[in-house]
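Asks: What follows is data-v6.txt; its format and atoms are compact mmCIF, C-alpha atoms.
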# COMPACT_ATOMS: atom_id res chain seq x y z
CA MET A 1 0.00 0.00 0.00
CA TYR A 2 2.80 2.39 0.98
CA ALA A 3 4.84 1.58 -2.17
CA HIS A 4 1.78 2.15 -4.35
CA THR A 5 1.15 5.55 -2.75
CA VAL A 6 4.78 6.63 -3.23
CA GLY A 7 4.68 5.48 -6.85
CA THR A 8 1.53 7.45 -7.41
CA LEU A 9 3.17 10.56 -5.97
CA ILE A 10 6.27 10.22 -8.15
CA SER A 11 4.38 9.44 -11.34
CA SER A 12 2.02 12.35 -10.92
CA THR A 13 4.48 15.16 -10.20
CA GLN A 14 4.12 16.42 -13.78
CA LYS A 15 0.38 16.97 -13.27
CA ASP A 16 0.36 18.28 -9.74
CA SER A 17 3.52 19.81 -8.25
CA PHE A 18 4.31 18.37 -4.86
CA PHE A 19 7.90 19.49 -4.49
CA ILE A 20 9.16 23.03 -4.13
CA LEU A 21 11.97 22.78 -6.68
CA VAL A 22 10.80 21.72 -10.15
CA LYS A 23 12.24 22.29 -13.58
CA PRO A 24 10.98 25.35 -15.45
CA ALA A 25 9.61 23.12 -18.17
CA GLN A 26 7.27 21.50 -15.67
CA ARG A 27 5.88 24.76 -14.32
CA GLN A 28 2.09 24.92 -14.00
CA ALA A 29 -0.38 27.46 -12.83
CA GLY A 30 0.01 27.92 -9.10
CA ILE A 31 3.03 28.98 -7.09
CA GLY A 32 5.56 30.78 -9.26
CA PRO A 33 9.33 30.07 -9.31
CA HIS A 34 10.13 33.18 -7.28
CA VAL A 35 7.82 32.08 -4.49
CA ARG A 36 9.30 28.58 -4.47
CA ARG A 37 12.85 29.92 -4.28
CA SER A 38 11.89 32.30 -1.47
CA LEU A 39 10.38 29.48 0.52
CA ALA A 40 13.54 27.41 0.08
CA VAL A 41 15.75 30.29 1.21
CA LEU A 42 13.58 30.92 4.26
CA LEU A 43 13.74 27.25 5.24
CA VAL A 44 17.54 27.16 4.98
CA CYS A 45 17.91 30.40 6.94
CA ALA A 46 15.65 29.14 9.73
CA THR A 47 17.72 25.97 10.02
CA LEU A 48 20.99 27.89 10.17
CA CYS A 49 19.63 30.26 12.81
CA ALA A 50 18.57 27.37 15.03
CA LEU A 51 21.89 25.55 14.95
CA PRO A 52 23.87 27.99 17.15
CA CYS A 53 21.39 27.39 20.00
CA GLY A 54 23.17 24.11 20.68
CA ALA A 55 26.33 26.01 21.52
CA ARG A 56 24.98 26.95 24.94
CA ALA A 57 26.21 23.64 26.38
CA ASN A 58 28.88 23.82 29.05
CA MET A 59 31.36 21.01 29.61
CA ALA A 60 32.58 22.29 33.00
CA ALA A 61 32.54 19.69 35.77
CA ARG A 62 30.62 20.40 38.94
CA GLN A 63 32.76 21.24 41.94
CA PRO A 64 31.71 21.17 45.62
CA GLU A 65 30.89 24.61 46.96
CA ALA A 66 29.94 25.98 50.38
CA ARG A 67 28.15 29.08 51.64
CA ALA A 68 28.71 30.25 55.19
CA GLY A 69 25.85 30.60 57.62
CA GLY A 70 25.68 32.30 60.99
CA LEU A 71 27.45 31.13 64.13
CA LEU A 72 25.01 30.41 66.96
CA GLY A 73 24.83 28.65 70.29
CA GLU A 74 24.28 28.96 74.03
CA PRO A 75 24.71 32.34 75.73
CA PHE A 76 27.74 32.88 77.93
CA GLY A 77 28.90 35.42 80.50
CA LEU A 78 29.53 35.56 84.27
CA LEU A 79 26.93 32.91 85.09
CA LYS A 80 28.81 30.75 87.59
CA SER A 81 26.30 31.21 90.42
CA VAL A 82 23.22 30.60 88.24
CA HIS A 83 21.76 27.13 87.77
CA ILE A 84 19.98 25.92 84.61
CA GLU A 85 17.24 23.65 85.89
CA ARG A 86 16.06 22.79 82.38
CA GLU A 87 16.53 24.08 78.86
CA THR A 88 14.08 23.67 75.98
CA LEU A 89 15.60 24.24 72.55
CA LEU A 90 13.31 24.64 69.53
CA ILE A 91 14.85 25.02 66.06
CA ASP A 92 12.32 25.72 63.32
CA LEU A 93 13.81 24.90 59.92
CA ARG A 94 10.52 25.15 58.01
CA PRO A 95 11.19 28.69 56.68
CA LEU A 96 14.04 27.22 54.59
CA ALA A 97 11.40 25.80 52.22
CA ASP A 98 10.83 29.45 51.21
CA LEU A 99 14.52 30.41 51.42
CA ARG A 100 14.10 32.31 54.68
CA PRO A 101 16.30 31.93 57.78
CA ALA A 102 15.45 29.35 60.40
CA VAL A 103 14.08 30.43 63.79
CA VAL A 104 15.75 29.42 67.06
CA GLU A 105 13.96 29.67 70.39
CA ALA A 106 15.63 28.65 73.64
CA THR A 107 13.81 28.66 76.98
CA TYR A 108 15.84 28.44 80.19
CA LYS A 109 14.42 27.60 83.60
CA VAL A 110 17.10 29.09 85.86
CA ARG A 111 17.61 29.58 89.58
CA ASN A 112 19.69 32.14 91.44
CA ASP A 113 20.68 30.81 94.87
CA GLY A 114 22.56 33.97 95.80
CA GLU A 115 21.71 37.63 96.17
CA ALA A 116 20.30 39.78 93.40
CA ARG A 117 22.96 40.39 90.80
CA ALA A 118 23.47 42.01 87.44
CA LEU A 119 24.26 39.65 84.58
CA GLU A 120 25.44 40.13 81.05
CA LEU A 121 24.13 37.53 78.65
CA VAL A 122 26.31 37.37 75.55
CA PHE A 123 24.86 35.91 72.34
CA VAL A 124 26.70 35.27 69.09
CA ALA A 125 23.45 35.09 67.10
CA ASP A 126 23.39 38.03 64.67
CA GLY A 127 19.66 37.35 64.18
CA LEU A 128 19.11 39.44 67.31
CA SER A 129 20.34 42.52 65.47
CA ALA A 130 17.83 45.05 64.14
CA ASP A 131 19.96 46.06 61.13
CA GLY A 132 17.68 44.39 58.60
CA GLY A 133 16.92 40.81 57.71
CA TRP A 134 18.90 38.12 55.93
CA VAL A 135 17.65 36.85 52.57
CA TRP A 136 18.91 34.05 50.32
CA ASN A 137 19.61 35.84 47.05
CA GLY A 138 20.56 33.51 44.20
CA SER A 139 23.32 31.53 45.88
CA ASP A 140 24.21 33.27 49.14
CA TRP A 141 22.83 34.94 52.25
CA VAL A 142 22.81 38.72 52.00
CA ARG A 143 21.78 41.39 54.44
CA ASP A 144 18.89 43.43 53.06
CA ALA A 145 17.84 46.58 54.87
CA ARG A 146 14.45 46.34 53.16
CA ALA A 147 13.80 42.87 54.59
CA LYS A 148 12.22 43.04 58.01
CA PRO A 149 14.02 41.06 60.72
CA LEU A 150 12.11 38.50 62.75
CA ALA A 151 9.40 40.51 64.54
CA GLU A 152 9.46 38.29 67.65
CA ALA A 153 13.25 38.26 68.03
CA GLY A 154 14.67 39.25 71.40
CA VAL A 155 15.26 38.22 75.00
CA TRP A 156 12.61 37.98 77.72
CA LEU A 157 13.04 37.58 81.48
CA ASP A 158 9.95 36.34 83.32
CA GLY A 159 7.74 37.51 80.45
CA ALA A 160 9.20 41.04 80.25
CA ARG A 161 11.22 41.98 77.22
CA VAL A 162 14.85 42.87 77.95
CA GLU A 163 15.80 46.14 76.25
CA GLY A 164 19.04 48.02 75.78
CA ALA A 165 21.11 45.40 73.98
CA ARG A 166 24.44 46.45 72.56
CA ALA A 167 26.45 44.96 69.74
CA GLU A 168 30.19 44.35 69.76
CA THR A 169 32.04 43.59 66.54
CA GLY A 170 35.29 41.70 66.61
CA ALA A 171 34.62 40.43 70.13
CA GLU A 172 36.78 37.52 71.23
CA LEU A 173 34.78 34.36 71.78
CA PRO A 174 35.54 31.89 74.56
CA GLU A 175 37.72 28.96 73.60
CA GLU A 176 34.90 26.43 73.89
CA PHE A 177 32.68 28.38 71.51
CA ARG A 178 33.77 26.46 68.44
CA PRO A 179 31.21 25.29 65.88
CA PRO A 180 31.38 21.74 64.53
CA SER A 181 33.76 21.34 61.61
CA ARG A 182 31.40 18.94 59.83
CA THR A 183 27.74 17.95 59.77
CA PRO A 184 26.46 14.37 59.32
CA ALA A 185 25.88 12.71 55.96
CA LEU A 186 22.35 12.04 54.74
CA TYR A 187 23.19 8.88 52.76
CA GLU A 188 25.58 5.97 53.11
CA SER A 189 27.32 6.98 49.88
CA GLN A 190 27.89 10.50 51.21
CA GLU A 191 30.70 11.56 53.51
CA GLU A 192 30.30 14.05 56.32
CA LEU A 193 29.91 17.55 54.95
CA PRO A 194 32.32 20.38 55.76
CA TYR A 195 30.62 23.09 57.80
CA LYS A 196 31.43 26.76 57.29
CA THR A 197 30.23 29.63 59.50
CA GLU A 198 30.90 33.29 60.07
CA ALA A 199 30.17 35.66 62.96
CA ASP A 200 29.53 39.40 62.79
CA GLY A 201 30.15 39.87 66.52
CA THR A 202 28.14 39.48 69.69
CA ILE A 203 24.88 40.87 71.11
CA ILE A 204 24.96 41.63 74.85
CA PHE A 205 21.91 41.89 77.11
CA ARG A 206 22.25 43.21 80.66
CA VAL A 207 19.71 41.93 83.20
CA THR A 208 19.23 41.98 86.95
CA LEU A 209 18.48 38.56 88.37
CA ALA A 210 16.72 38.44 91.75
CA PRO A 211 17.06 35.40 94.03
CA GLY A 212 14.88 32.42 93.19
CA PRO A 213 13.61 30.77 89.99
CA HIS A 214 13.27 32.63 86.70
CA THR A 215 12.54 31.96 83.02
CA PHE A 216 14.69 33.26 80.21
CA VAL A 217 13.45 33.11 76.62
CA VAL A 218 15.57 34.03 73.60
CA ARG A 219 14.28 33.95 70.03
CA TYR A 220 16.09 34.93 66.83
CA ALA A 221 16.50 34.17 63.13
CA ALA A 222 19.41 31.92 62.18
CA ARG A 223 20.82 31.55 58.69
CA PRO A 224 21.96 27.97 58.03
CA SER A 225 25.07 27.19 56.05
CA ALA A 226 24.72 25.57 52.62
CA PHE A 227 26.86 22.95 50.91
CA ALA A 228 26.46 21.73 47.32
CA ASP A 229 28.26 18.46 46.57
CA THR A 230 28.52 16.52 43.32
CA LEU A 231 26.14 13.71 44.33
CA SER A 232 22.85 15.56 44.09
CA HIS A 233 21.21 18.64 42.63
CA GLU A 234 19.79 19.85 45.95
CA ILE A 235 21.27 22.22 48.50
CA ASN A 236 22.50 20.48 51.64
CA TRP A 237 21.46 22.90 54.38
CA GLN A 238 23.48 22.77 57.60
CA LEU A 239 23.07 24.16 61.09
CA GLY A 240 25.36 23.80 64.07
CA TYR A 241 24.26 24.90 67.54
CA VAL A 242 27.13 25.20 70.04
CA LEU A 243 26.18 23.70 73.43
CA ALA A 244 29.55 23.87 75.18
CA PRO A 245 29.07 27.37 76.79
CA ALA A 246 26.27 25.91 78.93
CA ARG A 247 29.01 24.29 81.03
CA ARG A 248 29.88 27.76 82.33
CA TRP A 249 26.64 27.92 84.31
CA GLU A 250 26.71 26.68 87.91
CA SER A 251 24.83 23.53 86.92
CA PHE A 252 22.86 22.11 84.02
CA GLY A 253 19.69 20.12 84.69
CA GLY A 254 18.99 18.81 81.21
CA LEU A 255 18.04 19.66 77.62
CA ASP A 256 14.88 19.00 75.60
CA ALA A 257 15.59 19.57 71.91
CA LYS A 258 13.11 19.70 69.05
CA VAL A 259 13.84 20.46 65.39
CA LEU A 260 10.92 21.21 63.04
CA LEU A 261 11.53 20.21 59.41
CA PRO A 262 9.80 21.25 56.18
CA THR A 263 7.33 18.57 55.10
CA GLY A 264 9.04 15.40 53.89
CA TRP A 265 12.62 16.68 54.00
CA HIS A 266 15.65 14.47 54.63
CA ALA A 267 17.54 15.14 57.87
CA ALA A 268 20.41 13.77 59.93
CA SER A 269 21.83 15.00 63.21
CA GLU A 270 24.77 14.47 65.53
CA PRO A 271 24.14 13.62 68.34
CA ALA A 272 21.34 11.58 66.83
CA LEU A 273 17.78 12.81 67.38
CA THR A 274 14.65 10.66 66.96
CA ARG A 275 12.46 11.40 63.97
CA GLU A 276 8.75 11.84 64.70
CA GLY A 277 6.92 12.83 61.52
CA ASP A 278 8.52 16.06 60.35
CA ALA A 279 10.32 16.72 63.62
CA LEU A 280 13.51 15.55 65.34
CA VAL A 281 13.27 15.23 69.12
CA LYS A 282 15.53 14.17 71.96
CA SER A 283 15.99 14.80 75.70
CA TRP A 284 19.18 14.60 77.72
CA ASP A 285 19.89 15.00 81.43
CA VAL A 286 23.41 16.24 80.72
CA ILE A 287 25.01 18.26 77.94
CA PRO A 288 25.24 15.58 75.22
CA ALA A 289 28.08 17.10 73.18
CA ASP A 290 29.91 20.32 72.50
CA SER A 291 27.48 21.08 69.67
CA LEU A 292 24.41 19.85 67.85
CA ALA A 293 25.00 19.44 64.09
CA ILE A 294 22.14 19.01 61.59
CA THR A 295 22.08 18.38 57.84
CA PHE A 296 18.79 18.62 55.95
CA LYS A 297 17.45 19.08 52.43
CA THR A 298 14.35 18.68 50.29
CA ARG A 299 13.15 15.36 48.88
CA GLU A 300 11.58 17.06 45.87
CA ARG A 301 13.09 17.42 42.41
CA THR A 302 14.92 20.73 41.99
CA VAL A 303 16.09 20.59 38.35
CA PHE A 304 14.21 20.29 35.08
CA ASP A 305 13.57 16.67 34.04
CA SER A 306 14.80 16.51 30.44
CA ASP A 307 13.92 12.81 30.18
CA ARG A 308 10.23 13.63 30.68
CA LEU A 309 10.45 16.34 28.05
CA TRP A 310 12.04 14.00 25.49
CA LEU A 311 9.59 11.18 26.21
CA THR A 312 6.69 13.63 25.82
CA LEU A 313 8.07 14.91 22.52
CA ILE A 314 8.38 11.36 21.17
CA ILE A 315 4.94 10.18 22.31
CA LEU A 316 3.04 13.32 21.34
CA GLY A 317 5.06 13.59 18.13
CA LEU A 318 3.69 10.22 17.06
CA LEU A 319 0.15 10.83 18.32
CA LEU A 320 -0.12 14.27 16.73
CA THR A 321 0.78 12.80 13.34
CA ALA A 322 -2.93 12.08 12.96
CA ALA A 323 -3.68 15.77 13.50
CA ALA A 324 -1.10 16.74 10.87
CA GLY A 325 -2.68 14.32 8.41
CA PHE A 326 -6.18 15.62 9.10
CA ALA A 327 -5.10 19.23 8.64
CA GLY A 328 -3.31 18.37 5.39
CA TRP A 329 -6.35 16.48 4.10
CA LYS A 330 -8.63 19.44 4.73
CA ALA A 331 -6.11 21.81 3.12
CA GLY A 332 -5.89 19.60 0.00
CA ALA A 333 -9.66 19.48 -0.35
CA TRP A 334 -9.86 23.25 0.01
CA LEU A 335 -7.22 23.74 -2.71
CA GLY A 336 -8.94 21.25 -5.00
CA ARG A 337 -12.24 23.08 -4.84
CA ARG A 338 -10.43 26.25 -5.91
CA LYS A 339 -8.54 24.57 -8.75
CA ARG A 340 -5.17 25.16 -7.04
CA THR A 341 -2.28 22.73 -6.99
CA SER A 342 -1.24 21.02 -3.76
CA ALA A 343 2.02 22.97 -3.92
CA TRP A 344 0.10 25.80 -2.28
CA ALA A 345 -0.07 23.60 0.82
CA LEU A 346 3.66 24.27 1.24
CA LEU A 347 2.61 27.56 2.77
CA PHE A 348 0.38 25.71 5.22
CA SER A 349 2.19 22.49 6.15
CA PRO A 350 5.19 24.17 7.92
CA VAL A 351 2.78 26.16 10.06
CA VAL A 352 0.92 23.00 11.08
CA ALA A 353 4.17 21.17 11.80
CA GLY A 354 5.54 24.03 13.89
CA ALA A 355 2.31 24.45 15.84
CA LEU A 356 2.12 20.74 16.69
CA PHE A 357 5.72 20.72 17.90
CA ALA A 358 5.07 23.85 19.98
CA LEU A 359 2.11 22.08 21.59
CA ALA A 360 4.16 18.96 22.38
CA TYR A 361 7.02 21.10 23.73
CA ALA A 362 4.69 23.10 26.00
CA VAL A 363 3.26 19.89 27.47
CA GLY A 364 6.78 18.47 27.93
CA ARG A 365 7.97 21.62 29.70
CA LEU A 366 4.99 21.45 32.03
CA LEU A 367 5.58 17.79 32.88
CA GLY A 368 9.33 18.26 33.34
CA SER A 369 9.16 21.36 35.54
CA PRO A 370 10.67 20.75 39.02
CA PRO A 371 8.40 21.22 42.06
CA ALA A 372 11.20 22.87 44.10
CA PRO A 373 13.45 24.86 41.73
CA GLU A 374 14.35 27.32 44.50
CA GLN A 375 16.22 24.52 46.32
CA ASN A 376 18.48 23.75 43.35
CA ALA A 377 22.20 23.50 44.15
CA PHE A 378 24.20 26.59 43.26
CA ASN A 379 27.07 24.70 41.60
CA GLU A 380 25.02 23.54 38.60
CA VAL A 381 26.70 23.69 35.16
CA GLY A 382 25.41 23.48 31.61
CA ASN A 383 24.94 20.31 29.59
CA TYR A 384 24.10 19.11 26.09
CA ASP A 385 20.40 18.48 26.76
CA PHE A 386 19.32 21.20 24.34
CA ILE A 387 21.00 19.43 21.41
CA ILE A 388 18.83 16.34 21.95
CA THR A 389 15.73 18.53 22.26
CA PHE A 390 16.67 20.34 19.05
CA LEU A 391 17.16 17.08 17.12
CA LEU A 392 13.83 15.71 18.36
CA GLY A 393 12.23 18.97 17.28
CA VAL A 394 13.69 18.66 13.79
CA LEU A 395 12.44 15.08 13.49
CA SER A 396 8.99 15.99 14.79
CA VAL A 397 8.58 19.00 12.50
CA THR A 398 9.84 17.02 9.50
CA LEU A 399 7.46 14.13 10.18
CA HIS A 400 4.42 16.38 10.57
CA PHE A 401 5.40 18.44 7.54
CA VAL A 402 5.72 15.37 5.30
CA VAL A 403 2.47 13.83 6.58
CA ALA A 404 0.51 17.08 6.18
CA GLN A 405 1.86 17.71 2.69
CA THR A 406 1.30 14.12 1.57
CA CYS A 407 -2.30 14.13 2.79
CA ALA A 408 -2.88 17.48 1.11
CA PHE A 409 -1.62 16.04 -2.19
CA ILE A 410 -3.76 12.89 -1.95
CA SER A 411 -6.86 14.79 -0.90
CA ARG A 412 -6.49 17.34 -3.70
CA ARG A 413 -5.85 14.63 -6.29
CA ARG A 414 -8.89 12.58 -5.30
CA LEU A 415 -11.10 15.63 -5.47
CA THR A 416 -9.94 16.50 -8.99
CA ARG A 417 -10.48 12.91 -10.18
CA ARG A 418 -14.03 12.79 -8.82
CA PRO A 419 -16.50 12.68 -11.71
CA ALA A 420 -18.50 15.85 -12.26
In structure tokens, how does this file's structure come out?
Replies:
Amino acid sequence: MYAHTVGTLISSTQKDSFFILVKPAQRQAGIGPHVRRSLAVLLVCATLCALPCGARANMAARQPEARAGGLLGEPFGLLKSVHIERETLLIDLRPLADLRPAVVEATYKVRNDGEARALELVFVADGLSADGGWVWNGSDWVRDARAKPLAEAGVWLDGARVEGARAETGAELPEEFRPPSRTPALYESQEELPYKTEADGTIIFRVTLAPGPHTFVVRYAARPSAFADTLSHEINWQLGYVLAPARRWESFGGLDAKVLLPTGWHAASEPALTREGDALVKSWDVIPADSLAITFKTRERTVFDSDRLWLTLIILGLLLTAAAGFAGWKAGAWLGRRKRTSAWALLFSPVVAGALFALAYAVGRLLGSPPAPEQNAFNEVGNYDFIITFLLGVLSVTLHFVVAQTCAFISRRRLTRRPA
């Protein structure tokens, strides 16, 4: 059947021009030679213009990169006569899903067994500063004066907000205030991740502590560090909370820690915390380690899925062949009723082929779009994916063009052969 159709096409080219380039002697009424040559030139130019698009590929290899976060941990100062009866530490990492700093809230049940005394609580957390908020901009944390800092940040003693904090830049930190050098791996194939922090100074709160029990509450925004390895396309967020300064208090009665995670995220901690849904929890009666180190990242896809795009282009390219044939058939019938040759369909078939590819490409882009592009690693490099997409596009457009033009020819020829 196919061979018969091809033979019919070849044998009838003298009666009904199907090809663009024909000999002058075979010219018939319809599209003139100047139009045919113009169409050929336009087709060649379009092809040449599309070829350089493949040059966007980048052969550079991905390299591990790190971005420093803030240094944070327990307050320190002249606290030797003050007892910590219990500490509750809440670290809310959920804002990281929207690229906003985490929130740390520590509640201290303390007791002063001596006389009333003035204390200076020294915090390294720069999230207590009112100089603007931190924002993740592209691939790093930046201070933005237009971004409002955490509204509920500050220090409270027995429910009353402590005012009059002062900042000190370049302040020397105690020897034990050292962040962890690494955070735990999330997978067996992954090594521990190097942890990088930076400190802008200290924030000092002066309070008067009367004899008896009291409650301190401190709340501030904390910017996690970020590490991008070569094993995945997601950012590995990291946070280290230094616990060692708590040993400077007169005594320590225990710690209840809870870490809130964005929905479904991976997480690992050292010392190990127990996972309960989207939270990590653990209680200790003593200081468990010098610091608490956490690694966490999204489970969702962060980069465009080219495989889905290519599969969509192939499947829809084949399915939409029927639409190309239908459009060509209708065009051939329309030309036949107006006594025009099917060569006029050459003005119509490329449009149909291009429109069908555009439809398939739009569907493929939609299906391949990542649900969490904002969590994509910042050490991504280019690739050759566009070349494959371009070649599939050429094949799809060619197929639809040939099918539409062939159906236009057959439809027009059958109409002209129909008896009056």
Asks: So which one's closest to Glu250 (chain A), A:Thr298, A:Thr416, A:Thr321, A:Asn112? Using all atoms listed in the file, please.
Replies: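 The answer is A:Asn112, which sits nearest to Glu250 (chain A).
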Asks: Would you compute the distance between CA of Gly354 (chain A) and CA of Ala331 (chain A)? Give it in Å to one decimal.
Replies: 16.0 Å
Asks: By how many Å are CA of Ile204 (chain A) and CA of Ser251 (chain A) apart?
Replies: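 Between CA of Ile204 (chain A) and CA of Ser251 (chain A) the gap works out to 21.8 Å.
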Asks: Go through A:Arg365, A:Glu65, A:Val259, A:Gly138 and flag the residue nearest Glu276 (chain A), using only C-alpha atoms for the distances.
Replies: A:Val259
Asks: Go through A:Ala362, A:Leu292, A:Val352, A:Ala199 one by one, measure the shortest atom-to-atom distance of each to Glu168 (chain A) using only C-alpha atoms, and give the residue with the smallest value.
Replies: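 The closest residue to Glu168 (chain A) is A:Ala199.
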Asks: Fewer than 3 positions away in the same chain doesn't count, so skip those; otherwise give me all residues within 6 Å of His400 (chain A), counting only C-alpha atoms, as a list in words.
Replies: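 Answer for this query is Thr321, Ala324, Ala353, Val397, Val403 and Ala404 of chain A.
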